[in-house]
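Here is the structure we will look at.
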Protein chains: 2
Amino acid sequence: MIALRDVRAAAERLAGIAHRTPLFNSRTLDGATSAHVQVKAESFQRAGSFKIRGAYNRVASLPESVRSRGIVAYSSGNHAQAVALAAQMLGTHATIVMPRDAPTVKRAATEGYGAEVVPYDRDEQDRAEVATTIAAERGATLVPPFDDPLVIAGQGTVALEMLEDTELETLVVPVGGGGLIAGCATAAHGLSNGRLRVIGVEPAGADDTRRSLRAGRRVSVEPTTIADGLLSPAPGEMTFPIIQRLVAEVVTVTESEILDALLFLFDRMKLVAEPSGAVAIAALLSGRLEAAGERVGVVLSGGNLGVDRLVQLVASR
Amino acid sequence: MIALRDVRAAAERLAGIAHRTPLFNSRTLDGATSAHVQVKAESFQRAGSFKIRGAYNRVASLPESVRSRGIVAYSSGNHAQAVALAAQMLGTHATIVMPRDAPTVKRAATEGYGAEVVPYDRDEQDRAEVATTIAAERGATLVPPFDDPLVIAGQGTVALEMLEDTELETLVVPVGGGGLIAGCATAAHGLSNGRLRVIGVEPAGADDTRRSLRAGRRVSVEPTTIADGLLSPAPGEMTFPIIQRLVAEVVTVTESEILDALLFLFDRMKLVAEPSGAVAIAALLSGRLEAAGERVGVVLSGGNLGVDRLVQLVASR
């Protein structure tokens, strides 16, 4: 289990490395939700999402003799770019295992941070296995996307900053594998003595954590959603017990609610969110989460949308 | 002529009213320009652009007995929304003269701030005349979009904030009628004793100020550009002499350079800019303005883009 002190230690390591991202509010958003809503814009974080917090905290915590043998990760998304950037900042080599058919732009972004991309075949190979084999062969360290105490503690600095900057009664956080919400709930619980309500949000098509909470054990789904950062089939071994203990509820949002929220953020608040980054705002705007009269903090977890993807999403409406 | 003290007086009036918008930087932008560039994001300003600064400063400076008789403006763009919002905040009535064929969304946004919209016919009527007639009939006050000392002083608070927040050697500002750059140049000149270089940027298809500077007098053009906030045919009577005295140079950018800059801001910096708002960044990214090794401040003047317009712009590439 991790505690507030682990999140504070992560914050110290991240000082001057990760950006302290700003909070945004909007009279229109407040009006639509009858709440006072503040949006933590991790779209302005380095590499475009919160992921650098956990990745850097993990890589920076390795002894130099271990770190110098390199880092391995498997991801085609924000975790890949974050691990590549963390490795570059800490002067070591990153190898990222990515599907052969990953978008060129994601591969280029990861290589742009100096990482080596190793493609694998989605249909024939298991990415975790490919990554583990590479790590073993090279003596490199695998940085998992969420199921790691230092990754979770790093992601928790999102909530730490929010609660240093403002007072909140409810905190709303996107849920994929659960690293972000486990870290944020740990920080929020520690700072508020359990008084702050932490709500998770999943796409209805990737509601593994909601189902797992109901079942009382980790269950898997076959996720399908436009929120490609939240496609994990099940909550993590390490993140799930933290979520069970500290998260009040997980609500779900539909695909069109996610897109509406993304467009609201763009048109009204001039904030760029990728679909995964918009789910927490979607829960409020759609009314699936009721928070009237409250001071609510919402995590906009990432902004790696790209104009072509936006055009595609708008065309699909 | 206005002076730094007028800009400071405007800043006092605007305290707690206009947002103090943040500065953003980007390693990619610095790399592409070989400069240290900071972007003042007026996209996050109230009503989505810098225009509220001048409009509010103007309306707030009216004696209560005059203000209560109402405000009139002619604009289909950001000035309309800004005047409507300023009037609403100050408890008076705004009448906005707008072309009959203005986009519904712009009309709705203006009405959303409580203003009365009076349509006119582009082909048969002169909007300034329509507005002046309404103002005379009602005893209301016309708030011009740029050619007014209090409007200019209000816009100058953009530069005042930038120079309070950071040190700059060059300041790059979009130029339409010239209110923003005249105010910013006044503030910058006053604060730096003339050492700061102020550069204006116009679309090549709306280069009335550049031509006027070369001619040594105000000349008109028939402007055509995607940057619809910069369509004024000539610099103002009041703004032009200030620009002549305090602006080092006006450079121009092409339509595709404006769009490239808009997309760079979106994809790389997660900032929403309307075309007019992107011209100053376009001058740097295109290399039309050389600022290697310098500390450069750039004004992103507004973010009222809208997703439909973005889709349209991308399709036109």
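Residues are named by chain letter and number: chains run A, B, ... in the order of the structure tokens, numbers start at 1 in each chain, and ligands are numbered from 1 in the order shown.
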
Could the residues of chain A that have an atom at most 10 Å from chain B be listed as CSV, each with its closest atom pair and the distance in Å to one decimal, counting only C-alpha atoms and ordered by chain and ascending residue number?
```
residue,atom,partner,partner_atom,distance
A:Pro22,CA,B:Pro22,CA,8.9
A:Phe24,CA,B:Phe44,CA,8.8
A:Asn25,CA,B:Phe44,CA,9.9
A:Ser26,CA,B:Arg46,CA,9.2
A:Arg27,CA,B:Arg46,CA,9.7
A:Ser43,CA,B:Lys270,CA,6.6
A:Phe44,CA,B:Lys270,CA,6.8
A:Gln45,CA,B:Met269,CA,9.8
A:Arg46,CA,B:Ser26,CA,9.3
A:Ala47,CA,B:Arg268,CA,9.2
A:Gly48,CA,B:Lys270,CA,8.0
A:Leu263,CA,B:Val307,CA,7.2
A:Phe264,CA,B:Val307,CA,9.6
A:Phe266,CA,B:Val307,CA,7.3
A:Asp267,CA,B:Gly306,CA,5.1
A:Arg268,CA,B:Gly48,CA,8.3
A:Met269,CA,B:Phe44,CA,7.2
A:Lys270,CA,B:Val272,CA,5.4
A:Leu271,CA,B:Leu271,CA,6.7
A:Val272,CA,B:Lys270,CA,5.4
A:Ala273,CA,B:Lys270,CA,8.2
A:Gly302,CA,B:Lys270,CA,9.6
A:Gly303,CA,B:Lys270,CA,6.4
A:Asn304,CA,B:Asp267,CA,7.4
A:Leu305,CA,B:Asp267,CA,7.2
A:Gly306,CA,B:Asp267,CA,5.1
A:Val307,CA,B:Asp267,CA,6.5
A:Asp308,CA,B:Val314,CA,8.5
A:Leu310,CA,B:Val311,CA,8.3
A:Val311,CA,B:Val311,CA,5.9
A:Gln312,CA,B:Val311,CA,9.4
A:Val314,CA,B:Val307,CA,8.2
A:Ala315,CA,B:Val311,CA,9.1
```

As a PyMOL selection string, list the residues of stretch 59-144 of chain B assigned to alpha helix (DSSP H) by DSSP on the backbone atoms of this structure.
chain B and resi 59-60+64-67+78-89+104-112+127-138

Give me the residues within 8 Å of stretch 278-295 of chain B as a PyMOL selection string, counting only C-alpha atoms and dropping any in the same chain fewer than 2 places off.
chain B and resi 29+32-38+167-170+172-174+200-203+251-253+257-262+273-276+297-301

Can you list every residue in stretch 32-201 of chain A that DSSP puts in strand (DSSP E or B), as an MDAnalysis selection string?
chainID A and resid 36:41 49 71:74 94:99 116:120 141:142 170:174 197:201

Shell around A:Leu213 at 10 Å using only C-alpha atoms, local window under 6 positions removed, as a short mmCIF file (atom, residue, chain, number, x, y, z; two decimals) with C-alpha atoms, in the first residue's frame:
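What ended up in result13.cif:
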```cif
data_model
loop_
_atom_site.label_atom_id
_atom_site.label_comp_id
_atom_site.auth_asym_id
_atom_site.auth_seq_id
_atom_site.Cartn_x
_atom_site.Cartn_y
_atom_site.Cartn_z
CA VAL A 219 -13.18 -8.93 -13.37
CA PRO A 235 -8.09 -2.95 -12.89
CA PHE A 240 -7.84 -2.31 -7.32
CA PRO A 241 -7.56 -2.72 -3.53
CA ILE A 243 -9.79 1.86 -5.32
CA GLN A 244 -11.97 -0.48 -3.24
CA VAL A 247 -13.06 5.52 -4.07
CA GLU A 249 -18.12 5.26 -6.64
CA VAL A 250 -17.29 4.67 -10.29
#
```

Choose the residue, out of B:Ala135, B:Leu265, B:Glu161, B:Lys40, that has the smallest atom-to-atom separation from B:Leu23; count only C-alpha atoms.
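Once distances to B:Leu23 are computed over only C-alpha atoms, the minimum belongs to B:Lys40.
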
May I have the residues within 8 Å of stretch 68-78 of chain A as an NGL selection string, using only C-alpha atoms and disregarding those fewer than 6 positions away in the same chain?
:A and (47-49 or 51 or 59 or 87 or 91-99 or 102 or 106-107 or 127-128 or 131 or 134-135 or 138-145 or 229 or 304)

Could you pull the residues within 10 Å of stretch 147-153 of chain A, counting only C-alpha atoms, minus those fewer than 4 positions along the same chain, as an NGL selection string?
:A and (1-11 or 51-61 or 143 or 157-158 or 177-184 or 186-187 or 235-240)
